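Have a look at coords-v1.cif; it's mmCIF, C-alpha atoms:
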data_structure
loop_
_atom_site.group_PDB
_atom_site.id
_atom_site.type_symbol
_atom_site.label_atom_id
_atom_site.label_comp_id
_atom_site.auth_asym_id
_atom_site.auth_seq_id
_atom_site.Cartn_x
_atom_site.Cartn_y
_atom_site.Cartn_z
ATOM 1 C CA MET A 118 -1.445 38.477 -10.012
ATOM 2 C CA LYS A 119 2.052 37.043 -10.279
ATOM 3 C CA ARG A 120 2.035 36.414 -6.554
ATOM 4 C CA ILE A 121 -1.283 34.488 -6.736
ATOM 5 C CA VAL A 122 0.065 32.276 -9.542
ATOM 6 C CA ILE A 123 3.206 31.502 -7.531
ATOM 7 C CA ILE A 124 1.134 30.612 -4.455
ATOM 8 C CA ALA A 125 -1.217 28.423 -6.539
ATOM 9 C CA VAL A 126 1.691 26.553 -8.149
ATOM 10 C CA THR A 127 3.296 26.030 -4.740
ATOM 11 C CA VAL A 128 0.067 24.662 -3.235
ATOM 12 C CA LEU A 129 -0.581 22.348 -6.213
ATOM 13 C CA THR A 130 2.990 21.057 -6.086
ATOM 14 C CA ALA A 131 2.674 20.341 -2.370
ATOM 15 C CA LEU A 132 -0.672 18.595 -2.867
ATOM 16 C CA SER A 133 0.607 16.438 -5.701
ATOM 17 C CA ALA A 134 3.627 15.397 -3.616
ATOM 18 C CA TYR A 135 1.326 14.549 -0.718
ATOM 19 C CA ALA A 136 -1.037 12.575 -2.941
ATOM 20 C CA GLN A 137 1.618 10.199 -4.238
ATOM 21 C CA GLY A 138 0.897 6.612 -3.420
ATOM 22 C CA GLY A 139 1.467 3.042 -4.515
ATOM 23 C CA LYS A 140 0.873 3.686 -8.207
ATOM 24 C CA ASP A 141 3.387 6.546 -8.329
ATOM 25 C CA ILE A 142 5.991 4.529 -6.452
ATOM 26 C CA TYR A 143 5.353 1.540 -8.710
ATOM 27 C CA ASN A 144 5.766 3.664 -11.839
ATOM 28 C CA ARG A 145 9.039 5.127 -10.552
ATOM 29 C CA TYR A 146 10.707 1.786 -9.719
ATOM 30 C CA SER A 147 9.107 -0.734 -12.111
ATOM 31 C CA GLY A 148 11.294 -1.744 -15.040
ATOM 32 C CA LYS A 149 14.571 -0.803 -13.374
ATOM 33 C CA GLU A 150 17.430 -3.252 -13.049
ATOM 34 C CA GLY A 151 17.105 -5.411 -9.941
ATOM 35 C CA VAL A 152 13.362 -4.707 -9.586
ATOM 36 C CA SER A 153 10.608 -7.300 -10.017
ATOM 37 C CA SER A 154 7.147 -5.782 -10.346
ATOM 38 C CA VAL A 155 3.547 -6.929 -10.642
ATOM 39 C CA TYR A 156 0.423 -4.834 -11.245
ATOM 40 C CA ILE A 157 -3.075 -6.257 -10.813
ATOM 41 C CA SER A 158 -5.760 -4.066 -12.403
ATOM 42 C CA PRO A 159 -9.339 -3.361 -11.309
ATOM 43 C CA ALA A 160 -10.498 -5.426 -14.297
ATOM 44 C CA MET A 161 -8.719 -8.473 -12.884
ATOM 45 C CA PHE A 162 -10.383 -8.002 -9.502
ATOM 46 C CA GLY A 163 -13.719 -7.633 -11.303
ATOM 47 C CA LEU A 164 -13.219 -11.055 -12.909
ATOM 48 C CA MET A 165 -13.194 -12.649 -9.472
ATOM 49 C CA LYS A 166 -16.935 -13.291 -9.225
ATOM 50 C CA GLU A 167 -16.945 -15.693 -6.316
ATOM 51 C CA LEU A 168 -13.979 -16.399 -4.114
ATOM 52 C CA PRO A 169 -14.000 -19.405 -1.802
ATOM 53 C CA ASP A 170 -14.211 -18.833 1.927
ATOM 54 C CA ILE A 171 -10.953 -19.420 3.743
ATOM 55 C CA PRO A 172 -11.230 -21.754 6.724
ATOM 56 C CA VAL A 173 -9.731 -20.521 9.990
ATOM 57 C CA GLU A 174 -9.815 -22.064 13.443
ATOM 58 C CA ASP A 175 -13.161 -20.583 14.549
ATOM 59 C CA GLY A 176 -14.978 -20.386 11.222
ATOM 60 C CA GLU A 177 -14.513 -19.136 7.692
ATOM 61 C CA VAL A 178 -13.476 -15.776 6.317
ATOM 62 C CA ASN A 179 -15.188 -14.418 3.210
ATOM 63 C CA LEU A 180 -12.681 -12.228 1.417
ATOM 64 C CA SER A 181 -14.700 -11.690 -1.766
ATOM 65 C CA SER A 182 -16.426 -8.472 -0.639
ATOM 66 C CA VAL A 183 -13.107 -6.918 0.359
ATOM 67 C CA ILE A 184 -11.203 -8.065 -2.731
ATOM 68 C CA LYS A 185 -13.949 -6.791 -5.045
ATOM 69 C CA SER A 186 -13.408 -3.323 -3.560
ATOM 70 C CA PHE A 187 -9.751 -3.272 -4.691
ATOM 71 C CA GLU A 188 -8.943 -0.796 -7.452
ATOM 72 C CA GLY A 189 -5.366 -1.898 -7.970
ATOM 73 C CA MET A 190 -2.508 -3.838 -6.439
ATOM 74 C CA TYR A 191 1.113 -2.875 -6.970
ATOM 75 C CA ILE A 192 3.920 -5.205 -5.931
ATOM 76 C CA LEU A 193 7.624 -4.362 -6.003
ATOM 77 C CA ASP A 194 10.555 -6.552 -4.981
ATOM 78 C CA VAL A 195 13.763 -4.531 -5.140
ATOM 79 C CA GLU A 196 17.056 -6.447 -4.951
ATOM 80 C CA ASN A 197 19.242 -3.544 -6.143
ATOM 81 C CA SER A 198 20.611 -2.274 -2.795
ATOM 82 C CA ASP A 199 20.760 1.407 -3.852
ATOM 83 C CA LEU A 200 17.191 1.365 -5.193
ATOM 84 C CA ALA A 201 16.008 -0.663 -2.184
ATOM 85 C CA ALA A 202 17.398 1.953 0.203
ATOM 86 C CA SER A 203 15.889 4.763 -1.895
ATOM 87 C CA LEU A 204 12.458 3.112 -1.886
ATOM 88 C CA ALA A 205 12.543 2.531 1.880
ATOM 89 C CA ARG A 206 13.554 6.180 2.454
ATOM 90 C CA GLU A 207 10.781 7.414 0.161
ATOM 91 C CA ILE A 208 8.113 5.475 2.031
ATOM 92 C CA ASP A 209 9.575 6.493 5.396
ATOM 93 C CA SER A 210 9.318 10.125 4.274
ATOM 94 C CA MET A 211 5.655 9.642 3.352
ATOM 95 C CA VAL A 212 5.011 8.099 6.791
ATOM 96 C CA ARG A 213 6.755 10.989 8.583
ATOM 97 C CA GLN A 214 4.603 13.453 6.595
ATOM 98 C CA GLY A 215 1.526 11.769 8.068
ATOM 99 C CA ARG A 216 0.361 10.179 4.817
ATOM 100 C CA PHE A 217 0.105 6.669 6.324
ATOM 101 C CA GLU A 218 -1.065 5.358 9.686
ATOM 102 C CA LEU A 219 0.941 2.463 11.151
ATOM 103 C CA LEU A 220 -1.105 -0.690 11.771
ATOM 104 C CA MET A 221 1.616 -3.136 12.666
ATOM 105 C CA GLU A 222 5.364 -3.530 12.918
ATOM 106 C CA ALA A 223 7.371 -6.765 13.136
ATOM 107 C CA VAL A 224 11.137 -6.921 13.575
ATOM 108 C CA GLU A 225 13.370 -9.978 13.499
ATOM 109 C CA GLU A 226 17.071 -9.164 13.669
ATOM 110 C CA SER A 227 17.757 -7.037 10.563
ATOM 111 C CA GLU A 228 14.428 -7.799 8.867
ATOM 112 C CA LYS A 229 11.530 -5.371 9.370
ATOM 113 C CA MET A 230 7.925 -5.400 8.227
ATOM 114 C CA HIS A 231 5.437 -2.534 8.545
ATOM 115 C CA MET A 232 1.754 -2.370 7.603
ATOM 116 C CA TYR A 233 0.206 1.024 6.947
ATOM 117 C CA ILE A 234 -3.225 2.311 5.912
ATOM 118 C CA VAL A 235 -4.811 5.536 4.737
ATOM 119 C CA LYS A 236 -8.376 6.097 5.949
ATOM 120 C CA LYS A 237 -11.083 8.476 4.827
ATOM 121 C CA GLY A 238 -13.791 8.279 7.442
ATOM 122 C CA GLU A 239 -14.721 4.617 7.821
ATOM 123 C CA THR A 240 -13.114 3.566 4.535
ATOM 124 C CA VAL A 241 -9.565 2.341 3.979
ATOM 125 C CA THR A 242 -8.389 3.780 0.669
ATOM 126 C CA ASP A 243 -4.793 2.545 0.744
ATOM 127 C CA PHE A 244 -3.011 -0.383 2.327
ATOM 128 C CA LEU A 245 0.774 -0.602 2.186
ATOM 129 C CA LEU A 246 3.044 -3.392 3.374
ATOM 130 C CA LEU A 247 6.755 -2.587 3.520
ATOM 131 C CA ALA A 248 9.324 -5.324 4.180
ATOM 132 C CA THR A 249 13.008 -4.462 4.412
ATOM 133 C CA GLU A 250 16.192 -6.370 5.011
ATOM 134 C CA PRO A 251 19.782 -5.458 4.196
ATOM 135 C CA GLY A 252 20.059 -4.947 0.439
ATOM 136 C CA SER A 253 16.393 -5.469 -0.451
ATOM 137 C CA THR A 254 12.966 -3.903 -0.024
ATOM 138 C CA SER A 255 9.550 -5.296 -0.909
ATOM 139 C CA VAL A 256 6.313 -3.323 -1.124
ATOM 140 C CA ILE A 257 2.705 -4.380 -1.615
ATOM 141 C CA SER A 258 0.328 -1.486 -2.141
ATOM 142 C CA ILE A 259 -3.433 -1.929 -2.489
ATOM 143 C CA THR A 260 -5.787 0.885 -3.432
ATOM 144 C CA GLY A 261 -9.546 0.700 -3.182
ATOM 145 C CA ASN A 262 -12.491 1.529 -0.972
ATOM 146 C CA ILE A 263 -12.430 -1.074 1.756
ATOM 147 C CA PRO A 264 -15.039 -0.586 4.476
ATOM 148 C CA MET A 265 -13.305 -0.532 7.861
ATOM 149 C CA ALA A 266 -16.038 -2.804 9.287
ATOM 150 C CA GLU A 267 -15.210 -5.506 6.707
ATOM 151 C CA LEU A 268 -11.498 -5.252 7.453
ATOM 152 C CA GLN A 269 -12.214 -5.506 11.184
ATOM 153 C CA LYS A 270 -14.305 -8.646 10.638
ATOM 154 C CA ILE A 271 -11.489 -10.307 8.709
ATOM 155 C CA LEU A 272 -8.880 -9.288 11.271
ATOM 156 C CA SER A 273 -10.996 -10.511 14.187
ATOM 157 C CA MET A 274 -11.415 -13.922 12.520
ATOM 158 C CA THR A 275 -7.765 -14.327 11.589
ATOM 159 C CA VAL A 276 -6.104 -12.758 14.640
ATOM 160 C CA GLY A 277 -8.464 -13.557 17.460
#
Give the structure from the file, written as structure tokens.
Amino acid sequence: MKRIVIIAVTVLTALSAYAQGGKDIYNRYSGKEGVSSVYISPAMFGLMKELPDIPVEDGEVNLSSVIKSFEGMYILDVENSDLAASLAREIDSMVRQGRFELLMEAVEESEKMHMYIVKKGETVTDFLLLATEPGSTSVISITGNIPMAELQKILSMTVG
């Protein structure tokens, strides 16, 4: 019996570490010195009844259906160099564990930007943007249930 309890605790600990996401990271860093943070709740997204279409070269993009699927947005801007390095390492660890799938990377000299997603079937449940430069790290994390088809439509209109 003791052995089963130890195994169960080990599995639950591993699962909870794997399940950490934008909210957990936000809670760990928000309120610390050198950290600016913003949280946008599901209630705020629910207040956005009708969003205007955004004109692009070949038409307009309707973001309202995607934005209404957001369950939360967490934004961190870390200017404390020790905390910035810690945050970047923490997210890098999550990526190496296979938690996030890389969508895009951009590098300009010492500045780097990465976009990641977590998918469940044809739904994007997490979007994470990580921007780093010496001494600072910025993160935007969006949770929700974004249909991959909707995201593809938006990307095809804005990229192509």
Work out how far CA of Glu207 (chain A) is from CA of Gly252 (chain A), in Å to one decimal. 15.5 Å
Which residues would end up in the selection if the PyMOL selection byres ((chain A and resi 264) around 9) were applied here, given that I need the answer as a PyMOL selection string? chain A and resi 183+186+239-242+262-263+265-269
Of the listed residues A:Lys270, A:Gln214, A:Ile259, A:Ile234, that which approaches Val155 (chain A) most closely, counting all atoms listed in the file: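 Answer, going by the shortest atom-to-atom distance: A:Ile259.
Put simply, CA of His231 (chain A) is 13.8 Å away from CA of Leu204 (chain A).
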Taking the file as shown, what set of residues would the PyMOL selection byres ((chain A and resi 152) around 6) give back, as a short mmCIF file (atom, residue, chain, number, x, y, z; two decimals) with C-alpha atoms, keeping the file's coordinate frame?
data_model
loop_
_atom_site.label_atom_id
_atom_site.label_comp_id
_atom_site.auth_asym_id
_atom_site.auth_seq_id
_atom_site.Cartn_x
_atom_site.Cartn_y
_atom_site.Cartn_z
CA LYS A 149 14.57 -0.80 -13.37
CA GLU A 150 17.43 -3.25 -13.05
CA GLY A 151 17.10 -5.41 -9.94
CA SER A 153 10.61 -7.30 -10.02
CA ASP A 194 10.56 -6.55 -4.98
CA VAL A 195 13.76 -4.53 -5.14
#
Across A:Thr254, A:Ser147, A:Ser158, A:Ser227, the smallest distance to Lys185 (chain A), with all atoms listed in the file counted, is shown by A:Ser158
